[in-house]
file target17.tsv (TSV, C-alpha atoms (C1' of nucleotides))
chain	number	residue	atom	x	y	z
E	264	MET	CA	-21.36	17.07	-21.87
E	265	ILE	CA	-21.04	14.27	-19.36
E	266	ASN	CA	-24.60	13.38	-20.24
E	267	GLN	CA	-23.54	12.19	-23.64
E	268	PHE	CA	-21.38	9.66	-21.91
E	269	ARG	CA	-24.08	8.63	-19.51
E	270	SER	CA	-26.23	7.05	-22.18
E	271	ILE	CA	-23.23	5.33	-23.70
E	272	ALA	CA	-22.28	4.09	-20.27
E	273	GLU	CA	-25.75	2.78	-19.60
E	274	GLU	CA	-25.82	0.87	-22.84
E	275	LEU	CA	-22.38	-0.62	-22.28
E	276	ILE	CA	-23.42	-1.78	-18.84
E	277	ARG	CA	-26.61	-3.35	-20.16
E	278	GLN	CA	-24.76	-5.05	-22.98
E	279	ASN	CA	-22.59	-6.71	-20.40
E	280	GLY	CA	-25.49	-8.06	-18.39
E	281	GLY	CA	-25.18	-5.67	-15.51
E	282	ARG	CA	-27.81	-3.63	-13.78
E	283	SER	CA	-27.75	-0.04	-14.76
E	284	THR	CA	-27.60	1.65	-11.42
E	285	SER	CA	-26.95	5.33	-11.05
E	286	GLY	CA	-23.59	4.70	-9.43
E	287	ARG	CA	-22.29	2.48	-12.20
E	288	ILE	CA	-23.48	4.80	-14.89
E	289	ALA	CA	-21.87	7.79	-13.22
E	290	ILE	CA	-18.57	6.01	-12.73
E	291	LEU	CA	-18.36	4.67	-16.25
E	292	ALA	CA	-19.41	8.03	-17.68
E	293	ILE	CA	-16.61	9.72	-15.77
E	294	LEU	CA	-14.15	7.20	-17.11
E	295	LEU	CA	-15.44	7.54	-20.67
E	296	SER	CA	-15.04	11.28	-20.51
E	297	ALA	CA	-11.59	11.23	-18.93
E	298	ARG	CA	-8.55	11.68	-21.10
E	299	GLN	CA	-6.15	10.37	-18.53
E	300	ALA	CA	-6.21	7.28	-16.43
E	301	VAL	CA	-7.82	8.26	-13.15
E	302	THR	CA	-7.53	7.05	-9.58
E	303	HIS	CA	-10.41	6.08	-7.34
E	304	ARG	CA	-9.87	9.36	-5.50
E	305	GLU	CA	-10.27	11.39	-8.63
E	306	ILE	CA	-13.42	9.50	-9.50
E	307	GLU	CA	-14.81	10.16	-6.04
E	308	LYS	CA	-14.16	13.86	-6.45
E	309	ARG	CA	-15.83	13.98	-9.83
E	310	LEU	CA	-18.97	12.23	-8.68
E	311	PRO	CA	-21.90	14.62	-8.32
E	312	ASP	CA	-22.57	15.68	-4.75
E	313	THR	CA	-26.06	14.33	-5.14
E	314	LEU	CA	-24.65	10.85	-5.53
E	315	PRO	CA	-22.39	9.97	-2.65
E	316	LEU	CA	-20.92	6.56	-3.23
E	317	ASP	CA	-19.33	4.32	-0.68
E	318	ARG	CA	-15.64	3.66	-1.20
E	319	VAL	CA	-16.30	-0.04	-1.30
E	320	THR	CA	-18.94	0.32	-3.97
E	321	LEU	CA	-16.53	2.32	-6.05
E	322	TYR	CA	-13.88	-0.35	-5.76
E	323	ARG	CA	-16.33	-3.10	-6.56
E	324	THR	CA	-17.72	-1.24	-9.53
E	325	LEU	CA	-14.27	-0.62	-10.93
E	326	GLU	CA	-13.47	-4.28	-10.47
E	327	TRP	CA	-16.68	-5.20	-12.24
E	328	LEU	CA	-16.02	-2.88	-15.16
E	329	ALA	CA	-12.46	-4.15	-15.49
E	330	GLY	CA	-13.69	-7.74	-15.44
E	331	ARG	CA	-15.88	-6.94	-18.45
E	332	SER	CA	-13.02	-5.16	-20.21
E	333	LEU	CA	-14.95	-1.92	-20.28
E	334	ILE	CA	-12.03	-0.33	-18.48
E	335	HIS	CA	-8.52	-1.42	-17.65
E	336	LYS	CA	-6.30	-1.07	-14.66
E	337	VAL	CA	-2.99	0.71	-14.87
E	338	VAL	CA	-0.15	-0.05	-12.48
E	339	SER	CA	1.89	2.80	-11.15
E	340	ASP	CA	4.85	3.25	-8.89
E	341	ASP	CA	2.72	4.97	-6.25
E	342	ARG	CA	0.84	1.76	-5.58
E	343	VAL	CA	-2.43	3.30	-6.67
E	344	TRP	CA	-4.54	1.73	-9.36
E	345	ARG	CA	-5.59	3.98	-12.15
E	346	PHE	CA	-8.42	3.20	-14.48
E	347	HIS	CA	-9.07	4.10	-18.05
E	348	ALA	CA	-11.99	3.36	-20.32
E	349	ASN	CA	-11.24	0.95	-23.11
E	350	GLN	CA	-11.92	3.00	-26.18
E	351	THR	CA	-11.98	1.06	-29.42
E	352	VAL	CA	-8.59	2.48	-30.32
E	353	HIS	CA	-7.02	0.78	-27.36
E	354	SER	CA	-5.64	-2.59	-28.03
E	355	HIS	CA	-5.56	-4.72	-24.94
E	356	GLN	CA	-1.83	-4.25	-24.94
E	357	HIS	CA	-0.56	-0.74	-24.79
E	358	ALA	CA	1.80	1.45	-22.87
E	359	HIS	CA	1.29	4.25	-20.43
E	360	PHE	CA	3.01	7.51	-19.75
E	361	LYS	CA	3.31	8.85	-16.25
E	362	CYS	CA	4.34	12.41	-15.55
E	363	THR	CA	6.80	12.54	-12.69
E	364	GLY	CA	5.69	16.10	-12.02
E	365	CYS	CA	1.93	15.93	-11.73
E	366	ALA	CA	1.46	12.15	-11.58
E	367	GLN	CA	-0.98	12.15	-14.46
E	368	VAL	CA	-1.17	8.98	-16.46
E	369	ILE	CA	-2.12	8.79	-20.10
E	370	CYS	CA	-2.32	5.90	-22.51
E	371	LEU	CA	0.10	5.59	-25.40
E	372	ASP	CA	-1.44	3.60	-28.17
E	373	ASP	CA	1.27	3.72	-30.74
E	374	LEU	CA	3.86	1.79	-28.88
E	375	PRO	CA	5.19	-1.45	-30.21
E	376	THR	CA	4.27	-3.66	-27.31
E	377	GLU	CA	4.13	-6.92	-29.21
E	378	ARG	CA	7.52	-8.33	-29.68
E	379	HIS	CA	9.34	-11.52	-28.95
E	380	TRP	CA	11.10	-10.53	-25.81
E	381	PRO	CA	14.17	-12.61	-25.15
E	382	LEU	CA	13.06	-14.53	-22.08
E	383	PRO	CA	15.10	-17.26	-20.38
E	384	VAL	CA	14.59	-20.79	-21.61
E	385	GLY	CA	11.34	-22.31	-20.42
E	386	TYR	CA	9.69	-18.99	-19.72
E	387	GLN	CA	6.40	-18.17	-21.39
E	388	PHE	CA	5.32	-14.72	-22.45
E	389	GLN	CA	1.88	-13.51	-21.50
E	390	GLU	CA	1.80	-9.74	-21.60
E	391	ILE	CA	3.88	-6.71	-20.92
E	392	GLU	CA	3.36	-3.67	-18.82
E	393	LEU	CA	5.23	-0.67	-20.05
E	394	THR	CA	5.29	2.72	-18.42
E	395	VAL	CA	7.29	5.58	-19.80
E	396	LYS	CA	8.10	8.20	-17.21
E	397	GLY	CA	8.91	11.80	-17.86
E	398	LEU	CA	7.40	15.25	-17.87
E	399	CYS	CA	4.18	16.18	-19.58
E	400	ALA	CA	3.74	19.34	-21.62
E	401	ASN	CA	2.55	21.30	-18.60
E	402	CYS	CA	5.28	20.24	-16.21
E	403	GLY	CA	8.17	20.15	-18.67
M	121	MET	CA	27.97	-18.77	1.53
M	122	ILE	CA	26.11	-15.71	2.66
M	123	ASN	CA	29.28	-14.70	4.47
M	124	GLN	CA	31.03	-14.01	1.20
M	125	PHE	CA	28.39	-11.43	0.54
M	126	ARG	CA	28.59	-9.95	4.00
M	127	SER	CA	32.08	-8.60	3.48
M	128	ILE	CA	31.15	-7.23	0.07
M	129	ALA	CA	28.10	-5.65	1.62
M	130	GLU	CA	30.11	-4.08	4.39
M	131	GLU	CA	32.55	-2.56	1.97
M	132	LEU	CA	29.82	-1.20	-0.27
M	133	ILE	CA	28.14	0.41	2.70
M	134	ARG	CA	31.38	1.99	3.86
M	135	GLN	CA	32.19	3.23	0.38
M	136	ASN	CA	28.92	5.06	0.43
M	137	GLY	CA	29.58	6.82	3.69
M	138	GLY	CA	27.19	4.80	5.79
M	139	ARG	CA	27.70	3.12	9.10
M	140	SER	CA	28.17	-0.58	8.80
M	141	THR	CA	25.63	-1.88	11.23
M	142	SER	CA	24.74	-5.53	11.46
M	143	GLY	CA	21.27	-4.90	10.11
M	144	ARG	CA	22.42	-3.09	7.00
M	145	ILE	CA	25.08	-5.65	6.28
M	146	ALA	CA	22.62	-8.51	6.66
M	147	ILE	CA	20.04	-6.87	4.43
M	148	LEU	CA	22.46	-5.99	1.68
M	149	ALA	CA	24.07	-9.42	1.86
M	150	ILE	CA	20.66	-11.02	1.39
M	151	LEU	CA	20.01	-8.82	-1.61
M	152	LEU	CA	23.41	-9.50	-3.09
M	153	SER	CA	22.86	-13.22	-2.82
M	154	ALA	CA	19.31	-13.17	-4.17
M	155	ARG	CA	18.73	-14.07	-7.77
M	156	GLN	CA	15.28	-12.58	-7.89
M	157	ALA	CA	13.97	-9.26	-6.77
M	158	VAL	CA	12.72	-9.76	-3.23
M	159	THR	CA	10.05	-8.15	-1.12
M	160	HIS	CA	10.50	-6.77	2.38
M	161	ARG	CA	8.68	-9.84	3.66
M	162	GLU	CA	11.10	-12.18	2.01
M	163	ILE	CA	14.00	-10.24	3.42
M	164	GLU	CA	12.48	-10.41	6.89
M	165	LYS	CA	12.14	-14.17	6.60
M	166	ARG	CA	15.71	-14.58	5.45
M	167	LEU	CA	17.16	-12.56	8.27
M	168	PRO	CA	18.83	-14.72	10.92
M	169	ASP	CA	16.71	-15.28	14.00
M	170	THR	CA	19.51	-13.79	16.03
M	171	LEU	CA	18.96	-10.48	14.31
M	172	PRO	CA	15.38	-9.38	14.60
M	173	LEU	CA	14.91	-6.13	12.73
M	174	ASP	CA	12.09	-3.71	13.09
M	175	ARG	CA	9.90	-3.32	10.04
M	176	VAL	CA	10.60	0.38	9.96
M	177	THR	CA	14.33	-0.14	10.04
M	178	LEU	CA	14.03	-2.52	7.14
M	179	TYR	CA	12.09	0.01	5.12
M	180	ARG	CA	14.49	2.78	5.95
M	181	THR	CA	17.51	0.67	5.14
M	182	LEU	CA	16.06	-0.31	1.79
M	183	GLU	CA	15.34	3.32	1.07
M	184	TRP	CA	18.89	4.21	2.02
M	185	LEU	CA	20.40	1.53	-0.17
M	186	ALA	CA	18.21	2.55	-3.08
M	187	GLY	CA	19.18	6.18	-2.63
M	188	ARG	CA	22.82	5.16	-3.05
M	189	SER	CA	22.00	3.02	-6.08
M	190	LEU	CA	23.25	-0.09	-4.35
M	191	ILE	CA	19.85	-1.63	-4.98
M	192	HIS	CA	16.86	-0.65	-7.05
M	193	LYS	CA	13.15	-0.77	-6.51
M	194	VAL	CA	10.90	-2.75	-8.79
M	195	VAL	CA	7.25	-1.89	-9.25
M	196	SER	CA	4.74	-4.67	-9.41
M	197	ASP	CA	1.02	-5.00	-9.89
M	198	ASP	CA	0.57	-6.28	-6.34
M	199	ARG	CA	1.54	-2.90	-4.91
M	200	VAL	CA	4.55	-4.39	-3.19
M	201	TRP	CA	8.01	-3.04	-3.76
M	202	ARG	CA	10.62	-5.52	-4.65
M	203	PHE	CA	14.31	-4.86	-4.37
M	204	HIS	CA	17.27	-6.14	-6.26
M	205	ALA	CA	20.96	-5.52	-5.85
M	206	ASN	CA	22.54	-3.49	-8.60
M	207	GLN	CA	25.12	-5.84	-9.97
M	208	THR	CA	27.55	-4.29	-12.37
M	209	VAL	CA	25.79	-6.04	-15.24
M	210	HIS	CA	22.65	-4.08	-14.52
M	211	SER	CA	22.32	-0.86	-16.34
M	212	HIS	CA	20.17	1.58	-14.49
M	213	GLN	CA	17.53	0.93	-17.11
M	214	HIS	CA	16.38	-2.60	-17.49
M	215	ALA	CA	13.26	-4.65	-17.60
M	216	HIS	CA	11.74	-7.14	-15.22
M	217	PHE	CA	9.89	-10.39	-15.60
M	218	LYS	CA	7.12	-11.32	-13.23
M	219	CYS	CA	5.73	-14.84	-13.09
M	220	THR	CA	1.97	-14.76	-12.84
M	221	GLY	CA	2.09	-18.15	-11.17
M	222	CYS	CA	4.51	-17.78	-8.30
M	223	ALA	CA	4.89	-13.97	-8.30
M	224	GLN	CA	8.67	-14.17	-8.56
M	225	VAL	CA	10.37	-11.25	-10.19
M	226	ILE	CA	13.66	-11.43	-12.02
M	227	CYS	CA	15.64	-8.85	-13.89
M	228	LEU	CA	16.04	-8.99	-17.64
M	229	ASP	CA	19.21	-7.28	-18.67
M	230	ASP	CA	19.15	-7.85	-22.37
M	231	LEU	CA	16.13	-5.81	-23.17
M	232	PRO	CA	16.32	-2.84	-25.43
M	233	THR	CA	14.98	-0.24	-23.04
M	234	GLU	CA	16.61	2.74	-24.63
M	235	ARG	CA	14.63	3.93	-27.55
M	236	HIS	CA	13.01	7.08	-28.68
M	237	TRP	CA	9.46	6.37	-27.65
M	238	PRO	CA	6.98	8.39	-29.64
M	239	LEU	CA	5.64	10.71	-26.96
M	240	PRO	CA	3.14	13.48	-27.57
M	241	VAL	CA	4.55	16.90	-28.46
M	242	GLY	CA	6.05	18.70	-25.50
M	243	TYR	CA	6.55	15.57	-23.46
M	244	GLN	CA	9.98	14.71	-22.14
M	245	PHE	CA	11.32	11.23	-21.71
M	246	GLN	CA	12.98	10.31	-18.44
M	247	GLU	CA	12.94	6.57	-18.04
M	248	ILE	CA	10.83	3.54	-18.68
M	249	GLU	CA	9.54	0.80	-16.49
M	250	LEU	CA	8.96	-2.40	-18.33
M	251	THR	CA	7.59	-5.59	-16.88
M	252	VAL	CA	7.04	-8.69	-18.92
M	253	LYS	CA	4.50	-11.03	-17.40
M	254	GLY	CA	4.25	-14.71	-18.02
M	255	LEU	CA	5.11	-18.06	-16.55
M	256	CYS	CA	8.53	-19.03	-15.31
M	257	ALA	CA	10.15	-22.37	-16.03
M	258	ASN	CA	8.74	-23.90	-12.86
M	259	CYS	CA	5.17	-22.72	-13.31
M	260	GLY	CA	4.95	-23.08	-17.07
W	30	DA	C1'	40.28	4.54	26.71
W	31	DA	C1'	36.57	7.51	27.36
W	32	DA	C1'	33.62	11.06	25.89
W	33	DA	C1'	31.27	13.48	22.28
W	34	DT	C1'	28.80	13.40	18.11
W	35	DG	C1'	25.61	12.34	15.00
W	36	DA	C1'	23.75	8.54	12.47
W	37	DT	C1'	20.81	4.63	13.13
W	38	DT	C1'	17.26	2.07	15.40
W	39	DG	C1'	12.87	0.73	17.81
W	40	DC	C1'	8.47	1.88	19.25
W	41	DA	C1'	3.99	3.78	18.83
W	42	DA	C1'	0.94	5.70	16.10
W	43	DC	C1'	-0.72	6.86	11.83
W	44	DA	C1'	-2.27	7.28	6.59
W	45	DC	C1'	-3.70	5.06	2.76
W	46	DT	C1'	-5.28	1.51	-0.51
W	47	DG	C1'	-7.79	-2.19	-0.92
W	48	DT	C1'	-10.75	-6.34	0.81
W	49	DT	C1'	-14.41	-9.25	3.19
W	50	DG	C1'	-18.79	-10.48	5.53
W	51	DC	C1'	-23.23	-9.48	6.17
W	52	DA	C1'	-27.52	-7.10	6.41
W	53	DT	C1'	-30.24	-4.04	3.55
W	54	DC	C1'	-31.90	-2.05	-0.43
W	55	DT	C1'	-32.84	-1.86	-5.59
W	56	DT	C1'	-33.22	-3.44	-10.20
W	57	DT	C1'	-35.18	-6.64	-13.13
W	58	DA	C1'	-37.86	-10.55	-14.54
W	59	DT	C1'	-42.03	-13.09	-13.62
G	189	DA	C1'	-46.99	-6.54	-7.44
G	190	DT	C1'	-43.83	-9.70	-6.00
G	191	DA	C1'	-39.85	-12.74	-5.88
G	192	DA	C1'	-35.16	-13.43	-7.02
G	193	DA	C1'	-30.86	-11.98	-7.97
G	194	DG	C1'	-27.81	-8.37	-7.96
G	195	DA	C1'	-25.86	-4.20	-6.00
G	196	DT	C1'	-24.94	-1.31	-2.06
G	197	DG	C1'	-23.51	0.46	2.60
G	198	DC	C1'	-21.47	-0.29	6.87
G	199	DA	C1'	-18.12	-2.03	9.91
G	200	DA	C1'	-14.19	-4.18	10.42
G	201	DC	C1'	-10.05	-5.77	8.78
G	202	DA	C1'	-5.31	-6.73	6.27
G	203	DG	C1'	-1.34	-5.02	4.30
G	204	DT	C1'	2.23	-1.70	2.87
G	205	DG	C1'	4.49	2.06	3.91
G	206	DT	C1'	5.48	6.59	6.71
G	207	DT	C1'	6.48	9.94	10.59
G	208	DG	C1'	8.00	11.69	15.18
G	209	DC	C1'	10.62	11.00	18.95
G	210	DA	C1'	13.36	8.96	22.37
G	211	DA	C1'	16.96	5.61	23.00
G	212	DT	C1'	20.94	3.31	21.20
G	213	DC	C1'	25.08	2.53	18.73
G	214	DA	C1'	29.19	3.22	15.46
G	215	DT	C1'	32.56	6.36	14.67
G	216	DT	C1'	35.44	10.26	15.55
G	217	DT	C1'	37.71	13.17	18.62
G	218	DT	C1'	40.04	14.10	22.73
call {"tool": "encode", "arguments": {"input": "target17.tsv", "output": "structure tokens"}}
result
Amino acid sequence: MINQFRSIAEELIRQNGGRSTSGRIAILAILLSARQAVTHREIEKRLPDTLPLDRVTLYRTLEWLAGRSLIHKVVSDDRVWRFHANQTVHSHQHAHFKCTGCAQVICLDDLPTERHWPLPVGYQFQEIELTVKGLCANCG
Amino acid sequence: MINQFRSIAEELIRQNGGRSTSGRIAILAILLSARQAVTHREIEKRLPDTLPLDRVTLYRTLEWLAGRSLIHKVVSDDRVWRFHANQTVHSHQHAHFKCTGCAQVICLDDLPTERHWPLPVGYQFQEIELTVKGLCANCG
DNA sequence: AAAATGATTGCAACACTGTTGCATCTTTAT
DNA sequence: ATAAAGATGCAACAGTGTTGCAATCATTTT
């Protein structure tokens, strides 16, 4: 099943002018197949044992993918970046849900994130980061 | 000017059943007088030279104050907690603005943070964390 | 006022995320 | 097949934040 994502991953990487190395393909495939936003730890765990990747390489790869908008970074209150593949349904601006029980993070696409927020005079809007916290179906 | 806040700080600490030590009073006074949400580093810098506080004490004091709802923690994308005194005007739920230029964080009280967000079935809402990013009046 | 009590502090050490420099290896284009 | 550019691994580091424990201090009790 992951293999379906591997070919997609490879093509996406090529389209963005990157070298299709086994590490990059594996990482992006994992992200494409993940429903939640995942941490670097979770990615490490899901990598095949046959492909041990250095922590630094993982970080750099994630940075590279994010720079090409193939994935996006999600802030969380535990100071750990989470990453999620940018499916076509994702607008660049969307909200996230974090379960306070199991710490899983999912993307919420249907949230009205574009609004004219009432900022102080002279302040310029760029983007918003919105995280809804609560309990997921499993933990609730 | 800070002294006005020191007596308020001392009373707040006492009201919450804590011992009014010079460190706690100084820290809370700094937070009460701050307009923005401040990091532990900024607090350290603003402490009088006559009162050198251990990093750990600072962390623990901030944790203590937050546990009593005298201050609140603000998440940011730089993985650094910021803290802000809970003035009466602050509802427990409010949004923050972070300047992408100077990294300052202020509280936005007038934002409609209470809404029925459309969560997936079985999910329970607890609270939201909303950060608007942009440029402040100085950086804009 | 002094002693007892328990909260608070400082120190040392640690865990964790994330970054940087540099030498080495690999992909890709020639 | 080879050169060039890109990607990787290693070692070391920076920064935030935490934990255990002994020493100190504010407060209460005597």
call {"tool": "residues_around", "arguments": {"input": "target17.tsv", "residues": "E:Ser339", "least_positions_apart": "3", "cutoff": "12 Å", "atoms": "only C-alpha atoms (C1' of nucleotides)", "output": "PyMOL selection string"}}
result
(chain E and resi 300-302+336+342-346+358-363+366-369+392-396) or (chain M and resi 194-201+248-251)
call {"tool": "closest_atom_pairs", "arguments": {"input": "target17.tsv", "of": "chain M", "to": "chain W", "cutoff": "8 Å", "atoms": "only C-alpha atoms (C1' of nucleotides)", "output": "CSV"}}
result
residue,atom,partner,partner_atom,distance
M:Arg139,CA,W:DA36,C1',7.5
M:Asp174,CA,W:DG39,C1',6.5
M:Thr177,CA,W:DT38,C1',6.5
call {"tool": "interface_residues", "arguments": {"input": "target17.tsv", "of": "chain E", "to": "chain G", "cutoff": "12 Å", "atoms": "only C-alpha atoms (C1' of nucleotides)", "output": "JSON, numbers by chain"}}
result
{"E": [280, 281, 282, 283, 284, 285, 286, 287, 315, 316, 317, 318, 319, 320, 321, 322, 323, 324, 327, 341, 342, 343]}
call {"tool": "atom_distance", "arguments": {"input": "target17.tsv", "atom1": "atom CA of E:Glu326", "atom2": "atom CA of E:Leu371"}}
result
22.5 Å
call {"tool": "atom_distance", "arguments": {"input": "target17.tsv", "atom1": "atom CA of M:Leu171", "atom2": "atom CA of M:Ala186"}}
result
21.7 Å
call {"tool": "atom_distance", "arguments": {"input": "target17.tsv", "atom1": "atom CA of M:Cys222", "atom2": "atom CA of M:Gln207"}}
result
23.9 Å
call {"tool": "axis_aligned_box", "arguments": {"input": "target17.tsv", "around": "stretch 35-54 of chain W", "padding_each_side": "5 Å", "output": "JSON"}}
result
{"center_x": -3.1, "center_y": 0.9, "center_z": 9.2, "size_x": 67.5, "size_y": 32.8, "size_z": 30.2}
call {"tool": "closest_residue", "arguments": {"input": "target17.tsv", "among": "E:Cys399, E:Leu295, E:Ile306, E:Ile276", "to": "chain M", "atoms": "all atoms listed in the file"}}
result
E:Cys399
call {"tool": "decode", "arguments": {"input": "target17.tsv", "residues": "stretch 338-363 of chain E", "atoms": "N, CA and C atoms", "output": "PDB file, in the first residue's frame"}}
result
ATOM      1  N   VAL E 338       2.568  23.787  14.120  1.00  0.00           N
ATOM      2  CA  VAL E 338       3.024  24.135  15.477  1.00  0.00           C
ATOM      3  C   VAL E 338       2.199  23.373  16.493  1.00  0.00           C
ATOM      4  N   SER E 339       2.800  23.077  17.604  1.00  0.00           N
ATOM      5  CA  SER E 339       2.013  22.490  18.683  1.00  0.00           C
ATOM      6  C   SER E 339       2.546  22.970  20.016  1.00  0.00           C
ATOM      7  N   ASP E 340       1.752  22.768  21.051  1.00  0.00           N
ATOM      8  CA  ASP E 340       2.150  23.288  22.347  1.00  0.00           C
ATOM      9  C   ASP E 340       3.250  22.451  22.990  1.00  0.00           C
ATOM     10  N   ASP E 341       3.578  21.304  22.408  1.00  0.00           N
ATOM     11  CA  ASP E 341       4.656  20.501  22.980  1.00  0.00           C
ATOM     12  C   ASP E 341       6.006  20.807  22.328  1.00  0.00           C
ATOM     13  N   ARG E 342       6.047  21.871  21.574  1.00  0.00           N
ATOM     14  CA  ARG E 342       7.295  22.343  20.984  1.00  0.00           C
ATOM     15  C   ARG E 342       7.890  21.340  19.997  1.00  0.00           C
ATOM     16  N   VAL E 343       7.056  20.509  19.444  1.00  0.00           N
ATOM     17  CA  VAL E 343       7.512  19.542  18.457  1.00  0.00           C
ATOM     18  C   VAL E 343       6.817  19.843  17.139  1.00  0.00           C
ATOM     19  N   TRP E 344       7.605  19.956  16.093  1.00  0.00           N
ATOM     20  CA  TRP E 344       7.019  20.168  14.780  1.00  0.00           C
ATOM     21  C   TRP E 344       6.322  18.907  14.323  1.00  0.00           C
ATOM     22  N   ARG E 345       5.188  19.083  13.726  1.00  0.00           N
ATOM     23  CA  ARG E 345       4.531  17.984  13.059  1.00  0.00           C
ATOM     24  C   ARG E 345       4.432  18.342  11.590  1.00  0.00           C
ATOM     25  N   PHE E 346       4.399  17.314  10.771  1.00  0.00           N
ATOM     26  CA  PHE E 346       4.395  17.548   9.329  1.00  0.00           C
ATOM     27  C   PHE E 346       3.247  16.806   8.688  1.00  0.00           C
ATOM     28  N   HIS E 347       2.712  17.414   7.667  1.00  0.00           N
ATOM     29  CA  HIS E 347       1.588  16.811   6.983  1.00  0.00           C
ATOM     30  C   HIS E 347       1.704  17.110   5.497  1.00  0.00           C
ATOM     31  N   ALA E 348       1.439  16.102   4.687  1.00  0.00           N
ATOM     32  CA  ALA E 348       1.534  16.287   3.243  1.00  0.00           C
ATOM     33  C   ALA E 348       0.460  17.258   2.772  1.00  0.00           C
ATOM     34  N   ASN E 349       0.806  18.085   1.838  1.00  0.00           N
ATOM     35  CA  ASN E 349      -0.156  19.028   1.298  1.00  0.00           C
ATOM     36  C   ASN E 349      -0.987  18.375   0.214  1.00  0.00           C
ATOM     37  N   GLN E 350      -2.060  17.754   0.612  1.00  0.00           N
ATOM     38  CA  GLN E 350      -2.981  17.222  -0.393  1.00  0.00           C
ATOM     39  C   GLN E 350      -3.614  18.399  -1.117  1.00  0.00           C
ATOM     40  N   THR E 351      -4.188  18.126  -2.269  1.00  0.00           N
ATOM     41  CA  THR E 351      -4.787  19.211  -3.043  1.00  0.00           C
ATOM     42  C   THR E 351      -5.929  19.882  -2.274  1.00  0.00           C
ATOM     43  N   VAL E 352      -6.588  19.091  -1.412  1.00  0.00           N
ATOM     44  CA  VAL E 352      -7.706  19.684  -0.680  1.00  0.00           C
ATOM     45  C   VAL E 352      -7.269  20.738   0.322  1.00  0.00           C
ATOM     46  N   HIS E 353      -5.996  20.660   0.711  1.00  0.00           N
ATOM     47  CA  HIS E 353      -5.541  21.623   1.699  1.00  0.00           C
ATOM     48  C   HIS E 353      -5.269  22.978   1.072  1.00  0.00           C
ATOM     49  N   SER E 354      -5.957  23.951   1.548  1.00  0.00           N
ATOM     50  CA  SER E 354      -5.537  25.294   1.191  1.00  0.00           C
ATOM     51  C   SER E 354      -4.303  25.574   2.036  1.00  0.00           C
ATOM     52  N   HIS E 355      -3.565  26.585   1.680  1.00  0.00           N
ATOM     53  CA  HIS E 355      -2.365  26.872   2.444  1.00  0.00           C
ATOM     54  C   HIS E 355      -2.734  27.274   3.870  1.00  0.00           C
ATOM     55  N   GLN E 356      -3.932  27.803   3.992  1.00  0.00           N
ATOM     56  CA  GLN E 356      -4.399  28.250   5.293  1.00  0.00           C
ATOM     57  C   GLN E 356      -5.453  27.291   5.799  1.00  0.00           C
ATOM     58  N   HIS E 357      -5.152  26.587   6.854  1.00  0.00           N
ATOM     59  CA  HIS E 357      -6.194  25.778   7.441  1.00  0.00           C
ATOM     60  C   HIS E 357      -5.876  25.523   8.903  1.00  0.00           C
ATOM     61  N   ALA E 358      -6.825  24.969   9.591  1.00  0.00           N
ATOM     62  CA  ALA E 358      -6.666  24.808  11.027  1.00  0.00           C
ATOM     63  C   ALA E 358      -6.300  23.375  11.368  1.00  0.00           C
ATOM     64  N   HIS E 359      -5.863  23.207  12.608  1.00  0.00           N
ATOM     65  CA  HIS E 359      -5.510  21.874  13.067  1.00  0.00           C
ATOM     66  C   HIS E 359      -6.240  21.546  14.360  1.00  0.00           C
ATOM     67  N   PHE E 360      -6.433  20.255  14.543  1.00  0.00           N
ATOM     68  CA  PHE E 360      -7.023  19.779  15.783  1.00  0.00           C
ATOM     69  C   PHE E 360      -5.993  18.953  16.522  1.00  0.00           C
ATOM     70  N   LYS E 361      -5.817  19.225  17.787  1.00  0.00           N
ATOM     71  CA  LYS E 361      -4.909  18.409  18.570  1.00  0.00           C
ATOM     72  C   LYS E 361      -5.642  17.771  19.730  1.00  0.00           C
ATOM     73  N   CYS E 362      -5.527  16.456  19.814  1.00  0.00           N
ATOM     74  CA  CYS E 362      -6.170  15.723  20.905  1.00  0.00           C
ATOM     75  C   CYS E 362      -5.317  15.865  22.159  1.00  0.00           C
ATOM     76  N   THR E 363      -5.939  16.317  23.229  1.00  0.00           N
ATOM     77  CA  THR E 363      -5.193  16.494  24.467  1.00  0.00           C
ATOM     78  C   THR E 363      -4.981  15.161  25.173  1.00  0.00           C
TER      79      THR E 363
END
